[in-house]
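Let me begin by presenting the structure, written as structure tokens, before commenting on it.
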Amino acid sequence: MTLQLYNTLNRRKEKFVPVNPDRVTMYVCGPTVYSYAHIGNARPAVVFDVLLRLLRHHWSNVIFARNITDIDDKINAAAAEQGIDISEITAKYEKIYLEDMASLGVIPPDIDPHATDHIPEMIAMMEKLIAKGHAYTADGHVLFHVPSFDDYGKLSKRGQDELLAGARVDVAPYKKDPSDFILWKPSTPGLPGWDSPWGRGRPGWHLECSCMIEKHLGSTIDIHGGGADLVFPHHENEIAQSTCVSEGEDFVRFWLHNGFVNVDREKMSKSVGNVLLVHDLLKNTSGEAIRLALLNAHYRQPLDWTDDGLVQAKRMLDRLYGALRKLEDTEVTIGTKPNANFLAALNDDLNTPKALATLFDLARKANSANDIADKRRIKSELIASGQLLGILQADPEEWFSAKEYDETALDISHINKLIEARQTAKASKDYAEADRIRNELTAQGILLEDGQDGTKWRRA
RNA sequence: GGCCCGGUGGGAGAGAGGCUAUCCAGCGGAUUGCAAAUCCGUGUACAGCGGUUCGAAUCCGCUCCGGGCCUCCA
């Protein structure tokens, strides 16, 4: 079974074959840590987490790096505002980011390089670029000279002349060419800075990724992922830097980009005031439901985030966990592979909606299976498949009884007491009393399900 | 202005020349003490107009509408 991935470089799906099957490499642009992660930050984290799981299913050694941008003007601004060192800001929000992503079931990267730990590498790269004539110094800045790189624009499909036509920002006077971008800029005494051959300064944004990729993964990597907005300029600039440094070697073989998350048909932005923080969403929804809501659309499509979408994601999980709950006494066969149809869907450019459909197909079969062997196979496949998606790994009983989001909810022993009382009433055919108890529970958000082997319950 | 995506049934969302996507909601039935869950069945869906084809949501052209990027952005 072959994995097909849509490569932004060629704008089509291509068969994915790693350069070295013994060492598959993936790099994803991580967060700039200056505030809480919002739902738009969560999408690439979750999407590429599924890709990581899929890659690990196919190849035994996959190395995944995701950077932490811990030097940036937004961070500087936040630090200045609060009168603290940038490291306080970045340490705090990095921790929160990692916690929030863990709540969404995101596997931590093998390597999480920080920009500020790679200043010497950046300086070395700039020196190389200057020596080769791809960069120059001006006014305390170091700039990459875009016209020196013929392939500039190959990722975003922009000609160099088009870049000028659309420029909507005033061109800094020290630039040789309007499209040149900053590798290093001078810092004033009040700003964070590092000593360099060009004086005390700080790095521009694009350089860190090129340096950290080369240092930790090598000069050619298999996959580089990130949000669609990073195609230009960020990834285009990375290509320019890295290709020029490495003498034209292939820098990244597959460029993957996830679509944006909108909120109620509108782009998320501070000015509209519709920025949804993962941290807040987690206060009254499970991370698993948030994760599924993100995976319910294909990763390249724009995703419109709504409250209803989240409710639907929870219902979907209810259905899947309901099937697993039905099979709670069925043993799981260790080492079961994910379902073949499920895998085929994921292998087709990470088609998570289609993959989910195969899960529902399994759930339907699970709900009507009688044969022990069938039950075992279905349950095992459901769990193995869910693992690739990062869902369905919880105990179904826990899924249906979790009350962590509503502290006022009835506790389990009380619920069980009432259910017992109802059983007694039912046994003596006192259906009025039985229904009264059920209504009482329903009013508290507890739904009862009478089955062959007793009464099960769930929170609404 | 340049480049690039989309518009699918009440909602979400796949598919990409002929074959039920799926989930939620609705309706009918089975089951149930009644329910719930579950199962079975059920929907005038593919923005519009042309074209290609035996056959088009799917390919081509045009139109309309929405969105993204164009050196802050996931």
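Ordering of the structure tokens sets the chain letters (A, B, ...); residue numbers start at 1 within each chain; ligands are numbered from 1 in the order shown.
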
C34 in chain B environment, 9 Å, only C-alpha atoms (C1' of nucleotides), sequence neighbours closer than 2 positions dropped, as a count of residues only: 3

Surrounding residues of Leu324 in chain A excluding itself and chain neighbours under 2 positions, 9 Å, only C-alpha atoms (C1' of nucleotides), as a list in words: Arg319, Leu320, Tyr321, Gly322, Lys326, Leu327, Glu328, Ala363, Ala366, Asn367, Lys379, Leu382, Ile383, Leu392, Asp395 and Pro396 of chain A

Okay, now the selection with N, CA and C atoms, as an mmCIF file, in the first residue's frame?
```
data_model
loop_
_atom_site.group_PDB
_atom_site.id
_atom_site.type_symbol
_atom_site.label_atom_id
_atom_site.label_comp_id
_atom_site.auth_asym_id
_atom_site.auth_seq_id
_atom_site.Cartn_x
_atom_site.Cartn_y
_atom_site.Cartn_z
ATOM 1 N N ARG A 319 -20.887 7.550 19.372
ATOM 2 C CA ARG A 319 -21.269 6.394 18.570
ATOM 3 C C ARG A 319 -20.151 5.353 18.523
ATOM 4 N N LEU A 320 -18.935 5.818 18.294
ATOM 5 C CA LEU A 320 -17.809 4.889 18.221
ATOM 6 C C LEU A 320 -17.537 4.226 19.571
ATOM 7 N N TYR A 321 -17.570 5.034 20.629
ATOM 8 C CA TYR A 321 -17.342 4.455 21.956
ATOM 9 C C TYR A 321 -18.517 3.559 22.347
ATOM 10 N N GLY A 322 -19.712 3.882 21.823
ATOM 11 C CA GLY A 322 -20.871 3.044 22.094
ATOM 12 C C GLY A 322 -20.657 1.644 21.546
ATOM 13 N N LYS A 326 -20.224 -1.845 23.750
ATOM 14 C CA LYS A 326 -20.981 -3.065 23.511
ATOM 15 C C LYS A 326 -20.083 -4.291 23.517
ATOM 16 N N LEU A 327 -18.834 -4.059 23.155
ATOM 17 C CA LEU A 327 -17.878 -5.169 23.081
ATOM 18 C C LEU A 327 -16.925 -5.157 24.268
ATOM 19 N N GLU A 328 -17.370 -4.599 25.379
ATOM 20 C CA GLU A 328 -16.419 -4.426 26.486
ATOM 21 C C GLU A 328 -15.898 -5.747 27.030
ATOM 22 N N ALA A 363 -18.085 0.197 13.254
ATOM 23 C CA ALA A 363 -18.957 0.335 14.428
ATOM 24 C C ALA A 363 -20.307 -0.322 14.154
ATOM 25 N N ALA A 366 -19.889 -3.875 14.386
ATOM 26 C CA ALA A 366 -19.677 -4.258 15.788
ATOM 27 C C ALA A 366 -21.015 -4.367 16.504
ATOM 28 N N ASN A 367 -21.909 -3.448 16.194
ATOM 29 C CA ASN A 367 -23.193 -3.410 16.887
ATOM 30 C C ASN A 367 -24.092 -4.582 16.543
ATOM 31 N N LYS A 379 -13.367 -5.244 17.105
ATOM 32 C CA LYS A 379 -12.925 -4.396 18.214
ATOM 33 C C LYS A 379 -11.438 -4.085 18.093
ATOM 34 N N LEU A 382 -10.870 -1.613 15.336
ATOM 35 C CA LEU A 382 -11.378 -0.288 15.712
ATOM 36 C C LEU A 382 -10.353 0.445 16.581
ATOM 37 N N ILE A 383 -9.807 -0.279 17.529
ATOM 38 C CA ILE A 383 -8.850 0.345 18.438
ATOM 39 C C ILE A 383 -7.518 0.615 17.734
ATOM 40 N N LEU A 392 -10.146 7.052 20.454
ATOM 41 C CA LEU A 392 -10.687 5.746 20.857
ATOM 42 C C LEU A 392 -9.749 4.927 21.727
ATOM 43 N N ASP A 395 -11.105 4.057 27.907
ATOM 44 C CA ASP A 395 -12.076 3.053 28.310
ATOM 45 C C ASP A 395 -13.473 3.634 28.022
ATOM 46 N N PRO A 396 -14.304 2.919 27.260
ATOM 47 C CA PRO A 396 -15.623 3.452 26.914
ATOM 48 C C PRO A 396 -16.419 3.869 28.147
#
```

Using only C-alpha atoms (C1' of nucleotides) and a cut-off of 12 Å, which residues of chain B sit close to chain A? Please list them as a PDB file with C-alpha atoms (C1' of nucleotides), in the first residue's frame.
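This went into iface-v1.pdb:
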```
ATOM      1  C1'   G B   1      -3.536  44.051  -9.781  1.00  0.00           C
ATOM      2  C1'   G B   2      -0.806  38.979  -9.405  1.00  0.00           C
ATOM      3  C1'   C B   3      -1.062  33.921  -7.571  1.00  0.00           C
ATOM      4  C1'   C B   4      -4.055  30.047  -5.353  1.00  0.00           C
ATOM      5  C1'   C B   5      -8.264  27.568  -3.290  1.00  0.00           C
ATOM      6  C1'   G B   6     -13.487  26.589  -2.721  1.00  0.00           C
ATOM      7  C1'   G B  11     -26.371  20.814   9.158  1.00  0.00           C
ATOM      8  C1'   A B  12     -21.200  18.764   8.947  1.00  0.00           C
ATOM      9  C1'   G B  13     -18.323  16.455   5.164  1.00  0.00           C
ATOM     10  C1'   A B  14     -15.950  12.680   1.520  1.00  0.00           C
ATOM     11  C1'   G B  15     -16.016  11.375  -3.545  1.00  0.00           C
ATOM     12  C1'   A B  21     -19.908   7.805   1.159  1.00  0.00           C
ATOM     13  C1'   U B  22     -20.227   8.651   6.282  1.00  0.00           C
ATOM     14  C1'   C B  23     -21.918  11.362  10.742  1.00  0.00           C
ATOM     15  C1'   C B  24     -25.713  14.553  13.043  1.00  0.00           C
ATOM     16  C1'   A B  25     -30.830  15.963  12.671  1.00  0.00           C
ATOM     17  C1'   U B  31     -36.640  -4.053  19.410  1.00  0.00           C
ATOM     18  C1'   U B  32     -38.201  -2.168  24.531  1.00  0.00           C
ATOM     19  C1'   G B  33     -42.889  -2.476  30.372  1.00  0.00           C
ATOM     20  C1'   C B  34     -42.059   2.731  28.463  1.00  0.00           C
ATOM     21  C1'   A B  35     -37.540   4.656  26.870  1.00  0.00           C
ATOM     22  C1'   A B  36     -32.530   4.905  25.440  1.00  0.00           C
ATOM     23  C1'   A B  37     -28.974   2.465  22.669  1.00  0.00           C
ATOM     24  C1'   U B  38     -28.984  -0.569  18.412  1.00  0.00           C
ATOM     25  C1'   C B  39     -30.608  -2.558  13.702  1.00  0.00           C
ATOM     26  C1'   C B  40     -33.470  -2.034   8.958  1.00  0.00           C
ATOM     27  C1'   G B  66     -17.114  33.025  -0.972  1.00  0.00           C
ATOM     28  C1'   G B  67     -12.149  32.506   0.988  1.00  0.00           C
ATOM     29  C1'   G B  68      -6.659  32.663   1.313  1.00  0.00           C
ATOM     30  C1'   C B  69      -1.576  34.592   0.206  1.00  0.00           C
ATOM     31  C1'   C B  70       1.242  38.904  -1.833  1.00  0.00           C
ATOM     32  C1'   U B  71       7.256  39.753   3.031  1.00  0.00           C
ATOM     33  C1'   C B  72       2.982  39.954  11.149  1.00  0.00           C
ATOM     34  C1'   C B  73       0.152  35.200  10.889  1.00  0.00           C
ATOM     35  C1'   A B  74      -0.986  28.081  11.981  1.00  0.00           C
TER      36        A B  74
END
```

Within 12 Å of Leu346 in chain A using only C-alpha atoms (C1' of nucleotides), minus same-chain residues under 2 positions, as a PyMOL selection string: chain A and resi 1-5+47+50-55+57-58+295+298-299+338-344+348-359+385-386+388-389

Write out, as a PDB file, in the first residue's frame, the residues just selected, with C-alpha atoms.
```
ATOM      1  CA  MET A   1       0.000   0.000   0.000  1.00  0.00           C
ATOM      2  CA  THR A   2       1.552   3.269  -0.986  1.00  0.00           C
ATOM      3  CA  LEU A   3       1.299   6.574   0.738  1.00  0.00           C
ATOM      4  CA  GLN A   4       0.277   9.484  -1.458  1.00  0.00           C
ATOM      5  CA  LEU A   5       0.805  13.022  -0.234  1.00  0.00           C
ATOM      6  CA  VAL A  47      -2.907  17.053  11.457  1.00  0.00           C
ATOM      7  CA  VAL A  50      -1.762  11.970  12.424  1.00  0.00           C
ATOM      8  CA  LEU A  51       0.823  12.020   9.653  1.00  0.00           C
ATOM      9  CA  LEU A  52       3.527  11.143  12.181  1.00  0.00           C
ATOM     10  CA  ARG A  53       1.488   8.193  13.418  1.00  0.00           C
ATOM     11  CA  LEU A  54       0.922   7.046   9.858  1.00  0.00           C
ATOM     12  CA  LEU A  55       4.596   7.380   8.967  1.00  0.00           C
ATOM     13  CA  HIS A  57       3.057   2.729  10.940  1.00  0.00           C
ATOM     14  CA  HIS A  58       4.935   2.434   7.654  1.00  0.00           C
ATOM     15  CA  LEU A 295      -9.935  15.797  11.784  1.00  0.00           C
ATOM     16  CA  HIS A 298      -9.669  17.087   5.127  1.00  0.00           C
ATOM     17  CA  TYR A 299      -6.515  18.838   6.300  1.00  0.00           C
ATOM     18  CA  PRO A 338      -5.592  -1.067  11.421  1.00  0.00           C
ATOM     19  CA  ASN A 339      -8.503  -1.806   9.123  1.00  0.00           C
ATOM     20  CA  ALA A 340      -7.454  -2.029   5.466  1.00  0.00           C
ATOM     21  CA  ASN A 341     -10.056   0.422   4.171  1.00  0.00           C
ATOM     22  CA  PHE A 342      -9.181   2.805   6.947  1.00  0.00           C
ATOM     23  CA  LEU A 343      -5.508   2.640   6.096  1.00  0.00           C
ATOM     24  CA  ALA A 344      -6.216   3.101   2.402  1.00  0.00           C
ATOM     25  CA  ASP A 348      -4.608   8.781   0.223  1.00  0.00           C
ATOM     26  CA  ASP A 349      -3.226  12.117   1.334  1.00  0.00           C
ATOM     27  CA  LEU A 350      -4.477  11.763   4.884  1.00  0.00           C
ATOM     28  CA  ASN A 351      -8.150  11.547   4.022  1.00  0.00           C
ATOM     29  CA  THR A 352      -9.364  11.598   7.596  1.00  0.00           C
ATOM     30  CA  PRO A 353     -13.092  12.093   6.818  1.00  0.00           C
ATOM     31  CA  LYS A 354     -13.054   9.011   4.623  1.00  0.00           C
ATOM     32  CA  ALA A 355     -11.045   7.136   7.221  1.00  0.00           C
ATOM     33  CA  LEU A 356     -13.670   8.054   9.809  1.00  0.00           C
ATOM     34  CA  ALA A 357     -16.380   6.695   7.540  1.00  0.00           C
ATOM     35  CA  THR A 358     -14.643   3.299   7.601  1.00  0.00           C
ATOM     36  CA  LEU A 359     -14.616   3.489  11.382  1.00  0.00           C
ATOM     37  CA  SER A 385      -7.302   2.237  13.605  1.00  0.00           C
ATOM     38  CA  GLY A 386      -8.312   4.753  16.253  1.00  0.00           C
ATOM     39  CA  LEU A 388      -3.523   6.063  14.152  1.00  0.00           C
ATOM     40  CA  LEU A 389      -6.001   8.895  14.422  1.00  0.00           C
TER      41      LEU A 389
END
```
